[in-house]
Amino acid sequence: MIDLHYAPTPNGWKITIMLEECGLPYRVVSMQLGRGDQHTPEFLKLSPNGRMPAIVDHAPADGGEPIAMFESGAILIYLAEKSGRFMPADQRGRFNVMQWVMWQMGGLGPMLGQNGHFLLYAPEKIPYAIDRYSREAKRLYGVLDAHLEGGRDYIAGDYSIADMACFPWIMTHKAQGLTLDEFPNVKRWYALLRARPQVQAGLAVGKAERKPMDEQARKIMFGVDAPSHAQAQQQQ
Ligand SMILES: N[C@@H](CCC(=O)N[C@@H](CS)C(=O)NCC(=O)O)C(=O)O
């Protein structure tokens with residue numbers, strides 16, 4: 001059994017989608033980020049970066065102690081290896097998938113995260129930051145669009161963890177101030193994935209728990225030092 005420490009956000013959806021796709025049994029440990037669950041000492045033992053998702057695999061392949069893991073890209077690769085699915089077996093195919101997973105982890109995710117932050121959550125509108133990240137978001141959507149040009153259905157060969165890594169960050173396009181009409185190949189690819197029942201099942205996990213961010217959540221998530229939960233509570 002795999003425990004998934006999770007809140008319904010783009011990085012969390014990558015993992016629920018993959019778990020639904022590969023059919024491995026899992027149990028959701030529901031987190032409230034606005035309450036600071038990511039800063040508790042217990043969670044930091046699993047994910048020292050204080051961010052979710054994280055997993056604990058209680059039945060690893062080597063039969064040893066449970067394996068705990070953070071970083072959604074690493075978790076996707078782990079689950080692909082464990083299930084033997086959504087990652088090609090040959091070296092060329094594997095590294096093709098890997099490079100797009102890294103592109104998502106190092107580029108698409110962080111840049112769109114900042115874009116969303118400065119557009120939606122920053123207490124003041126900072127034109128330079130908004131301009132910088134919205135251009136970068138557009139550029140990255142353009143990179144994916146150009147890559148999918150010419151009728152490529154999936155990002156790296158067959159449907160793979162590269163698609164699952166990118167999908168939730170394309171799903172947020174409206175909130176990011178982007179329209180898929182400018183990126184017709186991304187639009188086609190997005191519709192193909194959106195129609196998959198397993199993707200829909202992954203997106204449905206914890207949906208009822210999704211809440212708009214209030215002032216308290218904002219303080220906990222965007223506090224300057226991101227202190228421990230206990231410290232954050234003392235500051236109230
Ligand atoms: N690179 C990390 C990023 C994880 C991440 O930023 N998770 C967000 C939710 S999508 C989070 O835990 N936010 C809590 C916070 O900002 O305090 C990954 O891909 O797993």
# chains A, B, ... in the order shown; residues from 1 in each chain; ligands from 1
$ closest_atom_pairs --of "region 61-147 of chain A" --to "region 7-20 of chain A" --cutoff "9 Å" --atoms "only C-alpha atoms" --output "tab-separated table"
residue	atom	partner	partner_atom	distance
A:Glu71	CA	A:Asn11	CA	8.7
A:Ser72	CA	A:Asn11	CA	6.2
A:Gly73	CA	A:Lys14	CA	8.7
A:Ile75	CA	A:Ile15	CA	7.5
A:Leu76	CA	A:Ile15	CA	6.7
A:Leu79	CA	A:Met18	CA	7.7
A:Ala80	CA	A:Met18	CA	8.3
A:Phe86	CA	A:Met18	CA	8.7
A:Gly109	CA	A:Asn11	CA	8.3
$ residues_around --residues "region 21-25 of chain A" --least-positions-apart "6" --cutoff "7 Å" --atoms "only C-alpha atoms" --output "PDB file with C-alpha atoms, in the first residue's frame"
ATOM      1  CA  MET A   1       0.000   0.000   0.000  1.00  0.00           C
ATOM      2  CA  ILE A   2       1.149   3.519  -0.800  1.00  0.00           C
ATOM      3  CA  SER A  83       4.403  -0.468 -11.913  1.00  0.00           C
ATOM      4  CA  ARG A  85       4.164   1.422 -16.878  1.00  0.00           C
ATOM      5  CA  GLN A 198      -8.147   7.853 -15.108  1.00  0.00           C
TER       6      GLN A 198
END
$ residues_near_ligand --ligand "ligand 1" --cutoff "10 Å" --atoms "only C-alpha atoms and all ligand atoms" --output "compact mmCIF listing (two decimals) with N, CA and C atoms, in the first residue's frame"
# COMPACT_ATOMS: atom_id res chain seq x y z
N HIS A 5 0.49 11.66 0.66
CA HIS A 5 0.23 12.89 1.43
C HIS A 5 -0.07 13.96 0.40
N TYR A 6 -1.27 14.49 0.48
CA TYR A 6 -1.84 15.14 -0.70
C TYR A 6 -2.82 16.25 -0.38
N ALA A 7 -2.76 17.28 -1.18
CA ALA A 7 -3.85 18.26 -1.28
C ALA A 7 -4.14 18.42 -2.78
N PRO A 8 -5.37 18.78 -3.13
CA PRO A 8 -5.72 18.84 -4.56
C PRO A 8 -5.16 20.09 -5.24
N THR A 9 -3.93 20.01 -5.69
CA THR A 9 -3.23 21.10 -6.38
C THR A 9 -2.49 20.48 -7.57
N PRO A 10 -1.94 21.29 -8.47
CA PRO A 10 -1.30 20.70 -9.66
C PRO A 10 -0.24 19.64 -9.33
N ASN A 11 0.63 19.89 -8.38
CA ASN A 11 1.66 18.88 -8.11
C ASN A 11 1.08 17.62 -7.47
N GLY A 12 -0.01 17.79 -6.74
CA GLY A 12 -0.69 16.63 -6.17
C GLY A 12 -1.41 15.82 -7.25
N TRP A 13 -2.06 16.53 -8.18
CA TRP A 13 -2.82 15.82 -9.23
C TRP A 13 -1.92 14.93 -10.09
N LYS A 14 -0.68 15.36 -10.30
CA LYS A 14 0.22 14.50 -11.09
C LYS A 14 0.21 13.09 -10.51
N ILE A 15 0.24 13.02 -9.19
CA ILE A 15 0.41 11.71 -8.55
C ILE A 15 -0.92 10.95 -8.48
N MET A 31 -4.15 16.63 3.25
CA MET A 31 -3.44 17.75 3.88
C MET A 31 -4.19 19.05 3.62
N GLN A 32 -4.12 19.96 4.58
CA GLN A 32 -4.64 21.31 4.35
C GLN A 32 -3.44 22.26 4.38
N LEU A 33 -3.10 22.77 3.23
CA LEU A 33 -1.91 23.62 3.14
C LEU A 33 -2.16 24.96 3.83
N GLY A 34 -3.39 25.42 3.77
CA GLY A 34 -3.75 26.69 4.41
C GLY A 34 -3.71 26.62 5.93
N ARG A 35 -3.67 25.40 6.46
CA ARG A 35 -3.58 25.20 7.90
C ARG A 35 -2.12 24.96 8.30
N GLY A 36 -1.27 24.75 7.30
CA GLY A 36 0.16 24.56 7.58
C GLY A 36 0.57 23.12 7.80
N ASP A 37 -0.23 22.17 7.31
CA ASP A 37 0.13 20.75 7.51
C ASP A 37 1.51 20.42 6.94
N GLN A 38 1.94 21.20 5.94
CA GLN A 38 3.25 20.95 5.30
C GLN A 38 4.43 21.35 6.19
N HIS A 39 4.14 22.06 7.30
CA HIS A 39 5.21 22.53 8.18
C HIS A 39 5.33 21.72 9.46
N SER A 47 9.11 14.96 3.91
CA SER A 47 9.34 15.93 2.84
C SER A 47 10.06 17.15 3.44
N ASN A 49 11.48 19.54 2.37
CA ASN A 49 11.25 20.82 1.68
C ASN A 49 9.94 21.48 2.13
N GLY A 50 9.15 20.78 2.92
CA GLY A 50 7.90 21.39 3.41
C GLY A 50 6.89 21.64 2.32
N ARG A 51 6.89 20.79 1.32
CA ARG A 51 5.92 20.89 0.23
C ARG A 51 5.36 19.51 -0.04
N MET A 52 4.11 19.48 -0.50
CA MET A 52 3.55 18.19 -0.89
C MET A 52 3.52 18.11 -2.42
N PRO A 53 3.42 16.97 -3.05
CA PRO A 53 3.10 15.65 -2.51
C PRO A 53 4.32 14.94 -1.91
N ALA A 54 3.98 13.92 -1.10
CA ALA A 54 4.98 12.97 -0.63
C ALA A 54 4.29 11.61 -0.58
N MET A 69 9.20 9.39 0.07
CA MET A 69 9.76 10.18 -1.03
C MET A 69 8.99 11.48 -1.24
N PHE A 70 9.73 12.55 -1.53
CA PHE A 70 9.09 13.82 -1.88
C PHE A 70 9.55 14.21 -3.28
N GLU A 71 9.02 15.32 -3.82
CA GLU A 71 9.24 15.83 -5.18
C GLU A 71 8.43 14.99 -6.18
N SER A 72 7.44 15.67 -6.78
CA SER A 72 6.50 14.95 -7.64
C SER A 72 7.17 14.24 -8.82
N GLY A 73 8.24 14.84 -9.37
CA GLY A 73 8.92 14.21 -10.51
C GLY A 73 9.56 12.89 -10.09
N ALA A 74 10.22 12.90 -8.93
CA ALA A 74 10.85 11.68 -8.43
C ALA A 74 9.78 10.62 -8.13
N ILE A 75 8.66 11.08 -7.59
CA ILE A 75 7.58 10.13 -7.26
C ILE A 75 7.02 9.50 -8.54
N LEU A 76 6.85 10.32 -9.59
CA LEU A 76 6.36 9.76 -10.86
C LEU A 76 7.32 8.71 -11.40
N GLN A 104 9.45 19.92 -17.10
CA GLN A 104 8.29 20.33 -16.31
C GLN A 104 8.72 20.73 -14.90
N MET A 105 9.57 19.91 -14.29
CA MET A 105 9.94 20.16 -12.88
C MET A 105 10.79 21.42 -12.73
N GLY A 106 11.67 21.66 -13.71
CA GLY A 106 12.59 22.79 -13.59
C GLY A 106 12.08 24.07 -14.24
N GLY A 109 6.62 24.05 -14.19
CA GLY A 109 5.99 24.13 -12.86
C GLY A 109 6.41 25.39 -12.10
N PRO A 110 7.73 25.56 -11.88
CA PRO A 110 8.16 26.73 -11.10
C PRO A 110 7.78 28.07 -11.73
N GLY A 113 4.14 28.57 -11.36
CA GLY A 113 3.89 28.82 -9.94
C GLY A 113 4.12 30.30 -9.63
N ALA A 165 2.98 14.73 -15.89
CA ALA A 165 3.66 15.83 -15.17
C ALA A 165 3.19 17.19 -15.68
N PRO A 168 -1.40 18.89 -15.37
CA PRO A 168 -2.07 19.77 -14.38
C PRO A 168 -1.65 21.24 -14.52
N TRP A 169 -0.45 21.47 -15.05
CA TRP A 169 0.01 22.86 -15.20
C TRP A 169 -0.57 23.50 -16.46
N ALA A 217 -4.50 31.44 5.46
CA ALA A 217 -3.77 30.52 4.59
C ALA A 217 -2.62 31.25 3.90
N ARG A 218 -2.90 32.46 3.48
CA ARG A 218 -1.90 33.29 2.80
C ARG A 218 -0.68 33.53 3.70
N LYS A 219 -0.98 33.78 4.98
CA LYS A 219 0.07 34.03 5.96
C LYS A 219 0.94 32.78 6.13
N ILE A 220 0.26 31.65 6.24
CA ILE A 220 0.99 30.39 6.47
C ILE A 220 1.80 30.00 5.24
N MET A 221 1.21 30.20 4.06
CA MET A 221 1.90 29.73 2.86
C MET A 221 2.93 30.72 2.32
N PHE A 222 2.68 32.01 2.50
CA PHE A 222 3.59 32.99 1.90
C PHE A 222 4.34 33.80 2.94
N GLY A 223 4.32 33.34 4.22
CA GLY A 223 5.09 34.02 5.27
C GLY A 223 6.54 34.09 4.83
N ALA A 226 8.61 31.25 5.93
CA ALA A 226 7.94 29.96 5.96
C ALA A 226 8.32 29.21 7.23
N PRO A 227 7.99 29.76 8.40
CA PRO A 227 8.43 29.15 9.65
C PRO A 227 7.69 27.86 9.92
$ select_by_dssp --residues "region 182-227 of chain A" --states "alpha helix (DSSP H)" --output "PyMOL selection string"
chain A and resi 184-194+197-204+215-222
$ residues_around --residues "Ile155 (chain A)" --least-positions-apart "3" --cutoff "10 Å" --atoms "only C-alpha atoms" --output "ChimeraX atom specification"
/A:96-97,100-101,144-145,147-148,152,158-164,166,186,189
$ write_last_selection --atoms "N, CA and C atoms" --output "compact mmCIF listing (two decimals), in the first residue's frame"
# COMPACT_ATOMS: atom_id res chain seq x y z
N ASN A 96 14.13 10.21 -23.15
CA ASN A 96 13.24 11.16 -23.80
C ASN A 96 12.13 11.57 -22.82
N VAL A 97 11.54 10.57 -22.17
CA VAL A 97 10.52 10.88 -21.16
C VAL A 97 11.13 11.70 -20.02
N TRP A 100 11.63 15.47 -20.52
CA TRP A 100 10.40 16.29 -20.45
C TRP A 100 9.87 16.38 -19.02
N VAL A 101 10.09 15.32 -18.25
CA VAL A 101 9.71 15.41 -16.83
C VAL A 101 10.58 16.49 -16.16
N LEU A 144 6.07 23.80 -25.69
CA LEU A 144 5.30 22.55 -25.75
C LEU A 144 4.48 22.50 -27.04
N ASP A 145 3.93 23.64 -27.42
CA ASP A 145 3.11 23.68 -28.63
C ASP A 145 3.96 23.31 -29.85
N HIS A 147 6.66 21.59 -29.89
CA HIS A 147 7.06 20.18 -29.79
C HIS A 147 5.94 19.24 -30.26
N LEU A 148 4.69 19.62 -29.97
CA LEU A 148 3.56 18.76 -30.33
C LEU A 148 3.10 18.97 -31.78
N ARG A 152 1.91 15.08 -33.24
CA ARG A 152 2.38 14.23 -32.14
C ARG A 152 1.28 14.17 -31.07
N ASP A 158 4.87 7.22 -26.54
CA ASP A 158 3.53 6.85 -26.05
C ASP A 158 3.17 7.70 -24.83
N TYR A 159 1.91 7.61 -24.45
CA TYR A 159 1.45 8.30 -23.22
C TYR A 159 2.37 7.90 -22.06
N SER A 160 2.83 8.88 -21.29
CA SER A 160 3.85 8.59 -20.27
C SER A 160 3.74 9.56 -19.11
N ILE A 161 4.63 9.38 -18.15
CA ILE A 161 4.66 10.29 -16.99
C ILE A 161 5.03 11.71 -17.41
N ALA A 162 5.62 11.90 -18.59
CA ALA A 162 5.90 13.27 -19.06
C ALA A 162 4.58 14.00 -19.29
N ASP A 163 3.59 13.31 -19.88
CA ASP A 163 2.28 13.93 -20.08
C ASP A 163 1.60 14.21 -18.74
N MET A 164 1.72 13.24 -17.82
CA MET A 164 1.05 13.41 -16.52
C MET A 164 1.68 14.54 -15.72
N CYS A 166 3.03 17.30 -16.99
CA CYS A 166 2.71 18.61 -17.58
C CYS A 166 1.21 18.94 -17.49
N VAL A 186 -1.17 22.25 -28.14
CA VAL A 186 -1.37 21.99 -26.71
C VAL A 186 -2.86 21.75 -26.45
N TRP A 189 -3.73 18.19 -27.50
CA TRP A 189 -3.15 17.25 -26.53
C TRP A 189 -3.91 17.28 -25.21
$ residues_around --residues "Arg139 (chain A)" --least-positions-apart "6" --cutoff "12 Å" --atoms "only C-alpha atoms" --output "list in words"
Gly107, Leu108, Met111, Leu112, Arg132, Tyr133, Asp145, Ala146, Leu178, Glu182 and Phe183 of chain A
$ write_last_selection --atoms "N, CA and C atoms" --output "compact mmCIF listing (two decimals), in the first residue's frame"
# COMPACT_ATOMS: atom_id res chain seq x y z
N GLY A 107 11.11 23.92 -15.16
CA GLY A 107 10.67 25.09 -15.93
C GLY A 107 9.18 25.35 -15.79
N LEU A 108 8.40 24.52 -16.45
CA LEU A 108 6.95 24.77 -16.51
C LEU A 108 6.33 24.97 -15.12
N MET A 111 7.91 28.18 -13.06
CA MET A 111 7.59 29.47 -13.70
C MET A 111 6.10 29.78 -13.61
N LEU A 112 5.27 28.74 -13.83
CA LEU A 112 3.83 28.98 -13.73
C LEU A 112 3.43 29.21 -12.28
N ARG A 132 7.47 39.60 -16.37
CA ARG A 132 8.54 38.59 -16.47
C ARG A 132 7.97 37.16 -16.50
N TYR A 133 7.08 36.86 -15.53
CA TYR A 133 6.60 35.48 -15.43
C TYR A 133 5.51 35.18 -16.45
N ASP A 145 3.93 23.64 -27.42
CA ASP A 145 3.11 23.68 -28.63
C ASP A 145 3.96 23.31 -29.85
N ALA A 146 5.15 23.89 -29.93
CA ALA A 146 6.03 23.59 -31.07
C ALA A 146 6.43 22.12 -31.06
N LEU A 178 -3.77 32.66 -19.50
CA LEU A 178 -3.43 32.16 -20.85
C LEU A 178 -4.65 31.52 -21.50
N GLU A 182 -4.32 30.09 -28.40
CA GLU A 182 -3.02 30.50 -28.98
C GLU A 182 -2.08 29.32 -29.18
N PHE A 183 -2.43 28.18 -28.59
CA PHE A 183 -1.53 27.02 -28.63
C PHE A 183 -2.32 25.80 -29.12
$ closest_atom_pairs --of "region 161-217 of chain A" --to "region 119-124 of chain A" --cutoff "12 Å" --atoms "only C-alpha atoms" --output "Markdown table"
| residue | atom | partner | partner_atom | distance |
| --- | --- | --- | --- | --- |
| A:Lys174 | CA | A:Leu119 | CA | 11.5 |
| A:Ala175 | CA | A:Leu120 | CA | 8.0 |
| A:Gln176 | CA | A:Leu119 | CA | 7.5 |
| A:Gly177 | CA | A:Leu119 | CA | 8.2 |
| A:Leu178 | CA | A:Leu119 | CA | 11.6 |
| A:Pro212 | CA | A:Tyr121 | CA | 11.2 |
| A:Met213 | CA | A:Tyr121 | CA | 8.8 |
| A:Asp214 | CA | A:Tyr121 | CA | 10.3 |
| A:Glu215 | CA | A:Tyr121 | CA | 10.3 |
| A:Ala217 | CA | A:Tyr121 | CA | 11.1 |
$ write_last_selection --atoms "C-alpha atoms" --output "PDB file, in the first residue's frame"
ATOM      1  CA  LYS A 174      -7.147  30.289 -17.325  1.00  0.00           C
ATOM      2  CA  ALA A 175      -5.903  31.219 -13.870  1.00  0.00           C
ATOM      3  CA  GLN A 176      -2.493  31.804 -15.461  1.00  0.00           C
ATOM      4  CA  GLY A 177      -4.036  34.393 -17.809  1.00  0.00           C
ATOM      5  CA  LEU A 178      -3.429  32.159 -20.848  1.00  0.00           C
ATOM      6  CA  PRO A 212     -10.221  29.494  -1.831  1.00  0.00           C
ATOM      7  CA  MET A 213      -7.189  30.972  -0.087  1.00  0.00           C
ATOM      8  CA  ASP A 214      -8.082  33.153   2.887  1.00  0.00           C
ATOM      9  CA  GLU A 215      -5.868  35.589   4.806  1.00  0.00           C
ATOM     10  CA  ALA A 217      -3.766  30.520   4.590  1.00  0.00           C
TER      11      ALA A 217
END
$ closest_residue --among "A:Lys125, A:Tyr154, A:Ile55, A:Lys187" --to "Gly142 (chain A)" --atoms "only C-alpha atoms"
A:Lys187
$ residues_around --residues "Ile170 (chain A)" --least-positions-apart "6" --cutoff "9 Å" --atoms "only C-alpha atoms" --output "PyMOL selection string"
chain A and resi 141+180+186+190
$ closest_residue --among "A:Gly206, A:Pro41, A:Pro184, A:His117" --to "Leu4 (chain A)" --atoms "only C-alpha atoms"
A:Gly206
